[in-house]
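Have a look at my_file08.pdb below; it lists PDB, C-alpha atoms and all ligand atoms.
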```pdb
MODEL        1
ATOM      1  CA  MET A 402      -5.332  20.337 -22.554  1.00  0.00           C
ATOM      2  CA  VAL A 403      -4.000  17.210 -24.189  1.00  0.00           C
ATOM      3  CA  TYR A 404      -6.689  14.700 -24.906  1.00  0.00           C
ATOM      4  CA  LEU A 405      -6.576  10.986 -25.578  1.00  0.00           C
ATOM      5  CA  LYS A 406      -8.434  10.244 -28.811  1.00  0.00           C
ATOM      6  CA  LYS A 407      -7.751   6.590 -29.426  1.00  0.00           C
ATOM      7  CA  ILE A 408      -5.910   3.504 -28.222  1.00  0.00           C
ATOM      8  CA  ASP A 409      -4.809   0.603 -30.410  1.00  0.00           C
ATOM      9  CA  ALA A 410      -3.673  -2.525 -28.590  1.00  0.00           C
ATOM     10  CA  TYR A 411      -2.441  -5.838 -29.915  1.00  0.00           C
ATOM     11  CA  GLY A 412      -1.178  -8.748 -27.830  1.00  0.00           C
ATOM     12  CA  PHE A 413      -1.431  -6.710 -24.621  1.00  0.00           C
ATOM     13  CA  LYS A 414      -2.751  -8.819 -21.729  1.00  0.00           C
ATOM     14  CA  SER A 415      -6.190 -10.176 -22.681  1.00  0.00           C
ATOM     15  CA  PHE A 416      -6.253  -8.414 -26.083  1.00  0.00           C
ATOM     16  CA  ALA A 417      -5.308 -11.283 -28.386  1.00  0.00           C
ATOM     17  CA  HIS A 418      -6.655  -9.468 -31.424  1.00  0.00           C
ATOM     18  CA  LYS A 419      -6.136  -5.848 -32.377  1.00  0.00           C
ATOM     19  CA  VAL A 420      -8.453  -3.727 -30.261  1.00  0.00           C
ATOM     20  CA  THR A 421      -9.263  -0.080 -30.924  1.00  0.00           C
ATOM     21  CA  VAL A 422     -10.911   2.102 -28.292  1.00  0.00           C
ATOM     22  CA  GLU A 423     -12.004   5.548 -29.427  1.00  0.00           C
ATOM     23  CA  PHE A 424     -12.734   8.332 -26.968  1.00  0.00           C
ATOM     24  CA  ASP A 425     -15.142  10.879 -28.383  1.00  0.00           C
ATOM     25  CA  ALA A 426     -15.760  14.257 -26.759  1.00  0.00           C
ATOM     26  CA  GLY A 427     -17.527  13.909 -23.413  1.00  0.00           C
ATOM     27  CA  ILE A 428     -17.483  10.929 -21.111  1.00  0.00           C
ATOM     28  CA  THR A 429     -16.735   7.395 -22.273  1.00  0.00           C
ATOM     29  CA  GLY A 430     -17.728   4.498 -20.034  1.00  0.00           C
ATOM     30  CA  ILE A 431     -16.251   1.037 -20.449  1.00  0.00           C
ATOM     31  CA  VAL A 432     -18.457  -1.642 -18.971  1.00  0.00           C
ATOM     32  CA  GLY A 433     -18.139  -5.412 -18.791  1.00  0.00           C
ATOM     33  CA  PRO A 434     -18.163  -8.378 -16.429  1.00  0.00           C
ATOM     34  CA  ASN A 435     -15.360  -9.000 -13.917  1.00  0.00           C
ATOM     35  CA  GLY A 436     -12.194 -10.081 -15.673  1.00  0.00           C
ATOM     36  CA  SER A 437     -13.313  -8.861 -19.090  1.00  0.00           C
ATOM     37  CA  GLY A 438     -10.370  -6.461 -19.511  1.00  0.00           C
ATOM     38  CA  LYS A 439     -11.557  -3.030 -18.332  1.00  0.00           C
ATOM     39  CA  SER A 440      -8.547  -2.417 -16.089  1.00  0.00           C
ATOM     40  CA  ASN A 441      -6.258  -3.835 -18.798  1.00  0.00           C
ATOM     41  CA  ILE A 442      -7.116  -0.718 -20.810  1.00  0.00           C
ATOM     42  CA  THR A 443      -5.793   1.639 -18.134  1.00  0.00           C
ATOM     43  CA  ASP A 444      -2.780  -0.678 -17.685  1.00  0.00           C
ATOM     44  CA  ALA A 445      -2.155  -0.297 -21.428  1.00  0.00           C
ATOM     45  CA  ILE A 446      -2.181   3.513 -21.135  1.00  0.00           C
ATOM     46  CA  LYS A 447       0.225   3.495 -18.175  1.00  0.00           C
ATOM     47  CA  TRP A 448       2.469   1.034 -20.000  1.00  0.00           C
ATOM     48  CA  VAL A 449       2.838   3.260 -23.082  1.00  0.00           C
ATOM     49  CA  LEU A 450       3.541   6.257 -20.844  1.00  0.00           C
ATOM     50  CA  GLY A 451       6.616   4.381 -19.599  1.00  0.00           C
ATOM     51  CA  GLU A 452       5.568   2.357 -16.572  1.00  0.00           C
ATOM     52  CA  GLN A 453       8.597   0.244 -15.585  1.00  0.00           C
ATOM     53  CA  SER A 454       7.089  -1.605 -12.654  1.00  0.00           C
ATOM     54  CA  ALA A 455       5.492  -4.939 -13.617  1.00  0.00           C
ATOM     55  CA  LYS A 456       3.826  -4.932 -10.201  1.00  0.00           C
ATOM     56  CA  LYS A 457       2.084  -1.637 -10.912  1.00  0.00           C
ATOM     57  CA  LEU A 458       0.729  -3.328 -14.031  1.00  0.00           C
ATOM     58  CA  ARG A 459      -0.499  -6.185 -11.822  1.00  0.00           C
ATOM     59  CA  GLY A 460       2.101  -8.687 -13.059  1.00  0.00           C
ATOM     60  CA  GLN A 461       5.302 -10.346 -11.798  1.00  0.00           C
ATOM     61  CA  LYS A 462       7.610  -9.570 -14.711  1.00  0.00           C
ATOM     62  CA  MET A 463       7.216  -7.186 -17.635  1.00  0.00           C
ATOM     63  CA  GLN A 464       6.645 -10.022 -20.155  1.00  0.00           C
ATOM     64  CA  ASP A 465       3.404 -10.771 -18.275  1.00  0.00           C
ATOM     65  CA  VAL A 466       1.806  -7.993 -20.310  1.00  0.00           C
ATOM     66  CA  ILE A 467       2.127 -10.145 -23.459  1.00  0.00           C
ATOM     67  CA  PHE A 468      -0.964 -12.231 -24.270  1.00  0.00           C
ATOM     68  CA  SER A 469      -0.214 -15.608 -22.689  1.00  0.00           C
ATOM     69  CA  GLY A 470      -2.792 -17.677 -24.575  1.00  0.00           C
ATOM     70  CA  THR A 471      -6.031 -19.369 -23.677  1.00  0.00           C
ATOM     71  CA  LYS A 472      -7.389 -22.901 -24.225  1.00  0.00           C
ATOM     72  CA  THR A 473      -8.164 -22.006 -27.819  1.00  0.00           C
ATOM     73  CA  LYS A 474      -5.606 -19.300 -28.672  1.00  0.00           C
ATOM     74  CA  LYS A 475      -1.829 -19.560 -28.811  1.00  0.00           C
ATOM     75  CA  PRO A 476       0.317 -17.124 -26.807  1.00  0.00           C
ATOM     76  CA  LEU A 477       1.603 -14.163 -28.817  1.00  0.00           C
ATOM     77  CA  ASN A 478       5.202 -13.149 -29.256  1.00  0.00           C
ATOM     78  CA  TYR A 479       4.877  -9.435 -28.587  1.00  0.00           C
ATOM     79  CA  ALA A 480       2.588  -6.757 -27.194  1.00  0.00           C
ATOM     80  CA  GLU A 481       2.094  -3.374 -28.809  1.00  0.00           C
ATOM     81  CA  VAL A 482       0.019  -0.420 -27.668  1.00  0.00           C
ATOM     82  CA  THR A 483      -0.361   2.941 -29.422  1.00  0.00           C
ATOM     83  CA  LEU A 484      -1.948   6.088 -27.993  1.00  0.00           C
ATOM     84  CA  PHE A 485      -3.251   8.852 -30.270  1.00  0.00           C
ATOM     85  CA  LEU A 486      -3.296  12.194 -28.473  1.00  0.00           C
ATOM     86  CA  ASP A 487      -4.738  15.510 -29.565  1.00  0.00           C
ATOM     87  CA  ASN A 488      -2.223  18.282 -28.998  1.00  0.00           C
ATOM     88  CA  SER A 489      -4.032  21.104 -30.783  1.00  0.00           C
ATOM     89  CA  SER A 490      -3.864  23.093 -27.539  1.00  0.00           C
ATOM     90  CA  GLY A 491      -0.053  22.912 -27.806  1.00  0.00           C
ATOM     91  CA  ALA A 492       0.208  21.663 -24.221  1.00  0.00           C
ATOM     92  CA  LEU A 493       2.841  19.117 -25.214  1.00  0.00           C
ATOM     93  CA  ASN A 494       6.169  20.498 -26.291  1.00  0.00           C
ATOM     94  CA  ILE A 495       6.084  19.243 -29.910  1.00  0.00           C
ATOM     95  CA  ASP A 496       5.270  20.925 -33.243  1.00  0.00           C
ATOM     96  CA  ASP A 497       2.485  18.567 -34.307  1.00  0.00           C
ATOM     97  CA  ASN A 498      -1.206  18.773 -33.471  1.00  0.00           C
ATOM     98  CA  GLU A 499      -1.241  15.047 -32.919  1.00  0.00           C
ATOM     99  CA  LEU A 500       1.103  12.841 -30.944  1.00  0.00           C
ATOM    100  CA  ILE A 501       1.254   9.107 -31.574  1.00  0.00           C
ATOM    101  CA  VAL A 502       3.121   7.169 -28.883  1.00  0.00           C
ATOM    102  CA  SER A 503       3.809   3.449 -29.163  1.00  0.00           C
ATOM    103  CA  ARG A 504       5.524   0.875 -27.025  1.00  0.00           C
ATOM    104  CA  ARG A 505       6.330  -2.669 -28.100  1.00  0.00           C
ATOM    105  CA  LEU A 506       7.782  -5.538 -26.075  1.00  0.00           C
ATOM    106  CA  TYR A 507       8.911  -8.939 -27.331  1.00  0.00           C
ATOM    107  CA  ARG A 508       9.127 -12.130 -25.262  1.00  0.00           C
ATOM    108  CA  ASN A 509      12.928 -12.107 -25.564  1.00  0.00           C
ATOM    109  CA  GLY A 510      12.935  -8.759 -23.724  1.00  0.00           C
ATOM    110  CA  ASP A 511      13.557  -6.489 -26.749  1.00  0.00           C
ATOM    111  CA  SER A 512      11.515  -3.349 -26.434  1.00  0.00           C
ATOM    112  CA  GLU A 513      10.985  -0.094 -28.238  1.00  0.00           C
ATOM    113  CA  TYR A 514       9.202   3.229 -27.983  1.00  0.00           C
ATOM    114  CA  LEU A 515       8.086   5.339 -30.927  1.00  0.00           C
ATOM    115  CA  LEU A 516       7.110   9.028 -30.887  1.00  0.00           C
ATOM    116  CA  ASN A 517       5.209   9.973 -34.057  1.00  0.00           C
ATOM    117  CA  LYS A 518       6.591   6.758 -35.604  1.00  0.00           C
ATOM    118  CA  GLU A 519      10.226   7.694 -34.900  1.00  0.00           C
ATOM    119  CA  PRO A 520      12.228   5.497 -32.497  1.00  0.00           C
ATOM    120  CA  ALA A 521      12.549   7.194 -29.116  1.00  0.00           C
ATOM    121  CA  ARG A 522      14.012   6.533 -25.690  1.00  0.00           C
ATOM    122  CA  LEU A 523      12.027   5.951 -22.538  1.00  0.00           C
ATOM    123  CA  LYS A 524      13.487   9.229 -21.254  1.00  0.00           C
ATOM    124  CA  ASP A 525      12.014  11.107 -24.248  1.00  0.00           C
ATOM    125  CA  VAL A 526       8.563   9.737 -23.478  1.00  0.00           C
ATOM    126  CA  ILE A 527       8.811  10.515 -19.768  1.00  0.00           C
ATOM    127  CA  ASP A 528      10.198  14.037 -20.344  1.00  0.00           C
ATOM    128  CA  LEU A 529       7.446  14.820 -22.843  1.00  0.00           C
ATOM    129  CA  PHE A 530       4.669  13.906 -20.435  1.00  0.00           C
ATOM    130  CA  MET A 531       6.212  15.140 -17.208  1.00  0.00           C
ATOM    131  CA  ASP A 532       4.020  17.838 -15.665  1.00  0.00           C
ATOM    132  CA  SER A 533       1.510  17.544 -18.527  1.00  0.00           C
ATOM    133  CA  GLY A 534      -0.925  15.943 -16.111  1.00  0.00           C
ATOM    134  CA  LEU A 535      -0.818  12.840 -18.306  1.00  0.00           C
ATOM    135  CA  GLY A 536       2.245  11.035 -16.927  1.00  0.00           C
ATOM    136  CA  LYS A 537       1.937   7.437 -15.754  1.00  0.00           C
ATOM    137  CA  ASP A 538       1.675   8.568 -12.120  1.00  0.00           C
ATOM    138  CA  ALA A 539      -0.436  11.664 -12.752  1.00  0.00           C
ATOM    139  CA  PHE A 540      -4.035  12.147 -11.727  1.00  0.00           C
ATOM    140  CA  SER A 541      -5.408  11.389 -15.149  1.00  0.00           C
ATOM    141  CA  ILE A 542      -5.434   7.728 -14.090  1.00  0.00           C
ATOM    142  CA  ILE A 543      -6.957   6.946 -10.723  1.00  0.00           C
ATOM    143  CA  SER A 544      -6.842   3.200 -10.129  1.00  0.00           C
ATOM    144  CA  GLN A 545      -8.788   1.122  -7.651  1.00  0.00           C
ATOM    145  CA  GLY A 546      -7.414   1.893  -4.169  1.00  0.00           C
ATOM    146  CA  LYS A 547      -5.746   5.165  -5.222  1.00  0.00           C
ATOM    147  CA  VAL A 548      -8.217   7.388  -3.380  1.00  0.00           C
ATOM    148  CA  ASP A 549      -7.468   5.554  -0.103  1.00  0.00           C
ATOM    149  CA  GLU A 550      -3.754   5.813  -0.834  1.00  0.00           C
ATOM    150  CA  VAL A 551      -3.932   9.604  -1.257  1.00  0.00           C
ATOM    151  CA  LEU A 552      -6.053  10.024   1.877  1.00  0.00           C
ATOM    152  CA  ASN A 553      -3.721   7.846   3.971  1.00  0.00           C
ATOM    153  CA  ALA A 554      -0.441   9.198   2.540  1.00  0.00           C
ATOM    154  CA  LYS A 555       2.147  10.811   4.803  1.00  0.00           C
ATOM    155  CA  ALA A 556       2.517  14.565   4.349  1.00  0.00           C
ATOM    156  CA  ILE A 557       5.864  14.148   2.563  1.00  0.00           C
ATOM    157  CA  ASP A 558       4.360  11.733   0.022  1.00  0.00           C
ATOM    158  CA  ARG A 559       1.278  13.893  -0.439  1.00  0.00           C
ATOM    159  CA  ARG A 560       3.578  16.762  -1.382  1.00  0.00           C
ATOM    160  CA  VAL A 561       4.614  14.818  -4.522  1.00  0.00           C
ATOM    161  CA  TYR A 562       0.990  14.841  -5.696  1.00  0.00           C
ATOM    162  CA  VAL A 563       0.788  18.597  -5.180  1.00  0.00           C
ATOM    163  CA  GLU A 564       4.078  19.061  -7.053  1.00  0.00           C
ATOM    164  CA  GLU A 565       2.791  17.066 -10.039  1.00  0.00           C
ATOM    165  CA  VAL A 566      -0.381  19.182 -10.171  1.00  0.00           C
ATOM    166  CA  ALA A 567       1.610  22.407  -9.793  1.00  0.00           C
ATOM    167  CA  GLY A 568       4.009  21.361 -12.565  1.00  0.00           C
ATOM    168  CA  VAL A 569       7.265  21.708 -10.620  1.00  0.00           C
ATOM    169  CA  LEU A 570       8.476  18.085 -10.902  1.00  0.00           C
ATOM    170  CA  LYS A 571      10.211  18.826 -14.197  1.00  0.00           C
ATOM    171  CA  TYR A 572      12.399  21.472 -12.541  1.00  0.00           C
ATOM    172  CA  LYS A 573      13.182  19.249  -9.548  1.00  0.00           C
ATOM    173  CA  LYS A 574      14.290  16.439 -11.898  1.00  0.00           C
ATOM    174  CA  LYS A 575      16.475  18.867 -13.893  1.00  0.00           C
ATOM    175  CA  LYS A 576      18.047  20.121 -10.660  1.00  0.00           C
ATOM    176  CA  GLU A 577      18.761  16.540  -9.532  1.00  0.00           C
ATOM    177  CA  GLN A 578      20.258  15.674 -12.933  1.00  0.00           C
ATOM    178  CA  SER A 579      22.539  18.709 -12.962  1.00  0.00           C
ATOM    179  CA  SER A 580      23.765  18.120  -9.390  1.00  0.00           C
ATOM    180  CA  ASP A 581      24.533  14.432 -10.263  1.00  0.00           C
ATOM    181  CA  LYS A 582      27.024  15.553 -12.897  1.00  0.00           C
TER     182      LYS A 582
HETATM  183  P1  LIG B 601     -12.906  -6.244 -12.666  1.00  0.00           P
HETATM  184  O1  LIG B 601     -14.328  -5.876 -12.988  1.00  0.00           O
HETATM  185  O2  LIG B 601     -12.835  -7.449 -11.781  1.00  0.00           O
HETATM  186  O3  LIG B 601     -12.058  -5.108 -12.223  1.00  0.00           O
HETATM  187  P2  LIG B 601     -11.666  -6.064 -15.310  1.00  0.00           P
HETATM  188  O4  LIG B 601     -12.659  -5.944 -16.426  1.00  0.00           O
HETATM  189  O5  LIG B 601     -10.992  -4.811 -14.872  1.00  0.00           O
HETATM  190  O6  LIG B 601     -12.315  -6.829 -14.071  1.00  0.00           O
HETATM  191  P3  LIG B 601      -9.039  -6.951 -16.001  1.00  0.00           P
HETATM  192  O7  LIG B 601      -8.360  -6.980 -14.686  1.00  0.00           O
HETATM  193  O8  LIG B 601      -8.780  -5.813 -16.922  1.00  0.00           O
HETATM  194  O9  LIG B 601     -10.606  -7.142 -15.793  1.00  0.00           O
HETATM  195  O10 LIG B 601      -8.704  -8.261 -16.840  1.00  0.00           O
HETATM  196  C1  LIG B 601      -8.254  -9.421 -16.228  1.00  0.00           C
HETATM  197  C2  LIG B 601      -8.205 -10.504 -17.295  1.00  0.00           C
HETATM  198  O11 LIG B 601      -7.076 -10.311 -18.126  1.00  0.00           O
HETATM  199  C3  LIG B 601      -8.087 -11.866 -16.645  1.00  0.00           C
HETATM  200  O12 LIG B 601      -9.043 -12.721 -17.248  1.00  0.00           O
HETATM  201  C4  LIG B 601      -6.681 -12.308 -17.019  1.00  0.00           C
HETATM  202  O13 LIG B 601      -6.609 -13.686 -17.273  1.00  0.00           O
HETATM  203  C5  LIG B 601      -6.464 -11.563 -18.335  1.00  0.00           C
HETATM  204  N1  LIG B 601      -5.045 -11.378 -18.580  1.00  0.00           N
HETATM  205  C6  LIG B 601      -4.158 -10.612 -17.878  1.00  0.00           C
HETATM  206  N2  LIG B 601      -2.906 -10.733 -18.389  1.00  0.00           N
HETATM  207  C7  LIG B 601      -3.027 -11.573 -19.447  1.00  0.00           C
HETATM  208  C8  LIG B 601      -2.095 -12.102 -20.389  1.00  0.00           C
HETATM  209  N3  LIG B 601      -0.804 -11.773 -20.375  1.00  0.00           N
HETATM  210  N4  LIG B 601      -2.575 -12.956 -21.330  1.00  0.00           N
HETATM  211  C9  LIG B 601      -3.870 -13.288 -21.374  1.00  0.00           C
HETATM  212  N5  LIG B 601      -4.802 -12.827 -20.521  1.00  0.00           N
HETATM  213  C10 LIG B 601      -4.390 -11.981 -19.572  1.00  0.00           C
HETATM  214 MG    MG B 602     -10.787  -3.849 -12.986  1.00  0.00          MG
ENDMDL
END
```
Show the structure stored in the file as structure tokens.
Amino acid sequence: MVYLKKIDAYGFKSFAHKVTVEFDAGITGIVGPNGSGKSNITDAIKWVLGEQSAKKLRGQKMQDVIFSGTKTKKPLNYAEVTLFLDNSSGALNIDDNELIVSRRLYRNGDSEYLLNKEPARLKDVIDLFMDSGLGKDAFSIISQGKVDEVLNAKAIDRRVYVEEVAGVLKYKKKKEQSSDK
């Protein structure tokens, strides 16, 4: 299984300074008062994995993820988040034992993804994680309200969850892409 070792975030939402969160073996709990930035950490993970919906990141527009300043701190010009993943199991289709994924967004809308420090496209990031169980919509992240959503989903929508777990989404996407051509 792929495992998330570390997150570096700078300028993402409430993280005005560089923040590093390390996940050792076992369970890591993040605790803090309301509004202290716990959910911003899961937003940061989803964002790097290619989330394109500002709403799903609890904002109006994508630039809302950039630190917007406080009474004492100036707004920042860009947000950057990097995930360090352990791939020694070989679950991800790359040669390295470690995968470093970064996403950066500037206020003027310029944005970039990096895979092991090399510029990459959003599609590369999405393809790499699809069916790995780690994609932005996979079960590795269960947000507030998600349990209710799964329980109340219509059968046709629930099928998508089963397909992600079973690992068939990749083949469906490939089929769609080849029939579009
Ligand atoms: P709860 O316990 O209520 O779930 P939480 O610890 O999960 O709280 P978050 O939702 O992660 O808290 O953090 C919300 C905080 O992040 C708010 O104080 C909000 O002002 C701040 N925040 C969000 N976006 C930005 C931004 N772009 N710039 C600065 N601060 C931001
Ligand atoms: Mg929260």
Given the PyMOL selection byres (((chain A and resi 504) around 9) and not hetatm) and the file above, list the residues it selects as a PDB file with C-alpha atoms, in the coordinates of the input.
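Contents of expr.pdb, as written:
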```
ATOM      1  CA  TRP A 448       2.469   1.034 -20.000  1.00  0.00           C
ATOM      2  CA  VAL A 449       2.838   3.260 -23.082  1.00  0.00           C
ATOM      3  CA  LEU A 450       3.541   6.257 -20.844  1.00  0.00           C
ATOM      4  CA  GLY A 451       6.616   4.381 -19.599  1.00  0.00           C
ATOM      5  CA  ALA A 480       2.588  -6.757 -27.194  1.00  0.00           C
ATOM      6  CA  GLU A 481       2.094  -3.374 -28.809  1.00  0.00           C
ATOM      7  CA  VAL A 482       0.019  -0.420 -27.668  1.00  0.00           C
ATOM      8  CA  THR A 483      -0.361   2.941 -29.422  1.00  0.00           C
ATOM      9  CA  VAL A 502       3.121   7.169 -28.883  1.00  0.00           C
ATOM     10  CA  SER A 503       3.809   3.449 -29.163  1.00  0.00           C
ATOM     11  CA  ARG A 505       6.330  -2.669 -28.100  1.00  0.00           C
ATOM     12  CA  LEU A 506       7.782  -5.538 -26.075  1.00  0.00           C
ATOM     13  CA  SER A 512      11.515  -3.349 -26.434  1.00  0.00           C
ATOM     14  CA  GLU A 513      10.985  -0.094 -28.238  1.00  0.00           C
ATOM     15  CA  TYR A 514       9.202   3.229 -27.983  1.00  0.00           C
ATOM     16  CA  LEU A 515       8.086   5.339 -30.927  1.00  0.00           C
TER      17      LEU A 515
END
```
| So which residues get picked by the PyMOL selection byres (((chain A and resi 517-532) around 12) and not hetatm) here, written as an NGL selection string? | :A and (402-403 or 447-453 or 483-486 or 488 or 492-505 or 512-516 or 533-541 or 561-575)
| Neighbourhood of ligand MG 602 (chain B) at 12 Å, counting all atoms listed in the file, reported as a ChimeraX atom specification | /A:431-444,458-459,543-546
Same residues, C-alpha atoms, saved as a short mmCIF file (atom, residue, chain, number, x, y, z; two decimals), in the frame of the given file:
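Saved result, selection-v7.cif, follows:
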```cif
data_model
loop_
_atom_site.label_atom_id
_atom_site.label_comp_id
_atom_site.auth_asym_id
_atom_site.auth_seq_id
_atom_site.Cartn_x
_atom_site.Cartn_y
_atom_site.Cartn_z
CA ILE A 431 -16.25 1.04 -20.45
CA VAL A 432 -18.46 -1.64 -18.97
CA GLY A 433 -18.14 -5.41 -18.79
CA PRO A 434 -18.16 -8.38 -16.43
CA ASN A 435 -15.36 -9.00 -13.92
CA GLY A 436 -12.19 -10.08 -15.67
CA SER A 437 -13.31 -8.86 -19.09
CA GLY A 438 -10.37 -6.46 -19.51
CA LYS A 439 -11.56 -3.03 -18.33
CA SER A 440 -8.55 -2.42 -16.09
CA ASN A 441 -6.26 -3.84 -18.80
CA ILE A 442 -7.12 -0.72 -20.81
CA THR A 443 -5.79 1.64 -18.13
CA ASP A 444 -2.78 -0.68 -17.68
CA LEU A 458 0.73 -3.33 -14.03
CA ARG A 459 -0.50 -6.18 -11.82
CA ILE A 543 -6.96 6.95 -10.72
CA SER A 544 -6.84 3.20 -10.13
CA GLN A 545 -8.79 1.12 -7.65
CA GLY A 546 -7.41 1.89 -4.17
#
```
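Of note, CA of Asp558 in chain A and CA of Ile446 in chain A are spaced 23.6 Å apart.
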| note | If you count only C-alpha atoms, the residue of A:Thr473, A:Tyr479, A:Ala455, A:Thr429 closest to Ala410 in chain A turns out to be A:Tyr479
Could you work out an axis-aligned box for ligand LIG 601 (chain B), taking every atom the file lists and adding 3 Å on each side, and report centre and edge lengths in Å to one decimal, as JSON?
```
{"center_x": -7.6, "center_y": -9.2, "center_z": -16.6, "size_x": 19.5, "size_y": 14.9, "size_z": 15.6}
```
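Nearest to ligand LIG 601 (chain B) of all the residues A:Ser454, A:Asn478, A:Asn553, A:Gln578 is A:Asn478, counting all atoms listed in the file.
Proximity to ligand LIG 601 (chain B) was assessed for A:Lys414, A:Lys547, A:Lys406, A:Arg560 counting all atoms listed in the file; the smallest distance is recorded for A:Lys414.
One finds CA of Tyr507 in chain A at 21.3 Å from atom P3 of ligand LIG 601 (chain B).
Checking A:Phe413, A:Asp581, A:Val422, A:Arg559 one by one against Phe468 in chain A, counting only C-alpha atoms, you find the shortest gap at A:Phe413.
One distance worth recording is that between CA of Tyr404 in chain A and CA of Gly430 in chain A, which is 15.8 Å.
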| remark: Using all atoms listed in the file, the shortest atom-to-atom distance to ligand LIG 601 (chain B) among A:Gln464, A:Ile408, A:Ser469, A:Val420 belongs to A:Ser469
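Counting all atoms listed in the file and comparing A:Asp425, A:Ala556, A:Ala445, A:Asp511, the residue that lies closest to Lys457 in chain A is A:Ala445.
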Atoms added to range 513-531 of chain A (N, CA and C atoms), reported as a PDB file, in the frame of the given file:
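See part.pdb below for the written result:
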```pdb
ATOM      1  N   GLU A 513      10.764  -1.390 -27.591  1.00  0.00           N
ATOM      2  CA  GLU A 513      10.985  -0.094 -28.238  1.00  0.00           C
ATOM      3  C   GLU A 513       9.826   0.865 -28.000  1.00  0.00           C
ATOM      4  N   TYR A 514      10.196   2.157 -28.049  1.00  0.00           N
ATOM      5  CA  TYR A 514       9.202   3.229 -27.983  1.00  0.00           C
ATOM      6  C   TYR A 514       9.264   3.994 -29.292  1.00  0.00           C
ATOM      7  N   LEU A 515       8.115   4.496 -29.734  1.00  0.00           N
ATOM      8  CA  LEU A 515       8.086   5.339 -30.927  1.00  0.00           C
ATOM      9  C   LEU A 515       7.310   6.611 -30.604  1.00  0.00           C
ATOM     10  N   LEU A 516       7.842   7.760 -31.015  1.00  0.00           N
ATOM     11  CA  LEU A 516       7.110   9.028 -30.887  1.00  0.00           C
ATOM     12  C   LEU A 516       6.853   9.518 -32.305  1.00  0.00           C
ATOM     13  N   ASN A 517       5.588   9.661 -32.675  1.00  0.00           N
ATOM     14  CA  ASN A 517       5.209   9.973 -34.057  1.00  0.00           C
ATOM     15  C   ASN A 517       5.999   9.104 -35.041  1.00  0.00           C
ATOM     16  N   LYS A 518       6.010   7.808 -34.743  1.00  0.00           N
ATOM     17  CA  LYS A 518       6.591   6.758 -35.604  1.00  0.00           C
ATOM     18  C   LYS A 518       8.112   6.759 -35.655  1.00  0.00           C
ATOM     19  N   GLU A 519       8.764   7.684 -34.934  1.00  0.00           N
ATOM     20  CA  GLU A 519      10.226   7.694 -34.900  1.00  0.00           C
ATOM     21  C   GLU A 519      10.682   7.008 -33.625  1.00  0.00           C
ATOM     22  N   PRO A 520      11.726   6.147 -33.704  1.00  0.00           N
ATOM     23  CA  PRO A 520      12.228   5.497 -32.497  1.00  0.00           C
ATOM     24  C   PRO A 520      12.602   6.530 -31.435  1.00  0.00           C
ATOM     25  N   ALA A 521      12.274   6.245 -30.200  1.00  0.00           N
ATOM     26  CA  ALA A 521      12.549   7.194 -29.116  1.00  0.00           C
ATOM     27  C   ALA A 521      13.032   6.420 -27.901  1.00  0.00           C
ATOM     28  N   ARG A 522      13.581   7.166 -26.940  1.00  0.00           N
ATOM     29  CA  ARG A 522      14.012   6.533 -25.690  1.00  0.00           C
ATOM     30  C   ARG A 522      12.910   6.697 -24.655  1.00  0.00           C
ATOM     31  N   LEU A 523      12.974   5.839 -23.646  1.00  0.00           N
ATOM     32  CA  LEU A 523      12.027   5.951 -22.538  1.00  0.00           C
ATOM     33  C   LEU A 523      12.080   7.369 -21.954  1.00  0.00           C
ATOM     34  N   LYS A 524      13.307   7.895 -21.833  1.00  0.00           N
ATOM     35  CA  LYS A 524      13.487   9.229 -21.254  1.00  0.00           C
ATOM     36  C   LYS A 524      12.718  10.293 -22.065  1.00  0.00           C
ATOM     37  N   ASP A 525      12.726  10.133 -23.400  1.00  0.00           N
ATOM     38  CA  ASP A 525      12.014  11.107 -24.248  1.00  0.00           C
ATOM     39  C   ASP A 525      10.523  11.087 -23.931  1.00  0.00           C
ATOM     40  N   VAL A 526       9.997   9.870 -23.761  1.00  0.00           N
ATOM     41  CA  VAL A 526       8.563   9.737 -23.478  1.00  0.00           C
ATOM     42  C   VAL A 526       8.250  10.354 -22.115  1.00  0.00           C
ATOM     43  N   ILE A 527       9.065  10.014 -21.127  1.00  0.00           N
ATOM     44  CA  ILE A 527       8.811  10.515 -19.768  1.00  0.00           C
ATOM     45  C   ILE A 527       8.930  12.039 -19.716  1.00  0.00           C
ATOM     46  N   ASP A 528       9.993  12.576 -20.357  1.00  0.00           N
ATOM     47  CA  ASP A 528      10.198  14.037 -20.344  1.00  0.00           C
ATOM     48  C   ASP A 528       9.028  14.759 -21.010  1.00  0.00           C
ATOM     49  N   LEU A 529       8.534  14.181 -22.100  1.00  0.00           N
ATOM     50  CA  LEU A 529       7.446  14.820 -22.843  1.00  0.00           C
ATOM     51  C   LEU A 529       6.184  14.947 -21.985  1.00  0.00           C
ATOM     52  N   PHE A 530       5.923  13.908 -21.198  1.00  0.00           N
ATOM     53  CA  PHE A 530       4.669  13.906 -20.435  1.00  0.00           C
ATOM     54  C   PHE A 530       4.799  14.486 -19.032  1.00  0.00           C
ATOM     55  N   MET A 531       6.050  14.662 -18.576  1.00  0.00           N
ATOM     56  CA  MET A 531       6.212  15.140 -17.208  1.00  0.00           C
ATOM     57  C   MET A 531       5.517  16.490 -17.014  1.00  0.00           C
TER      58      MET A 531
END
```
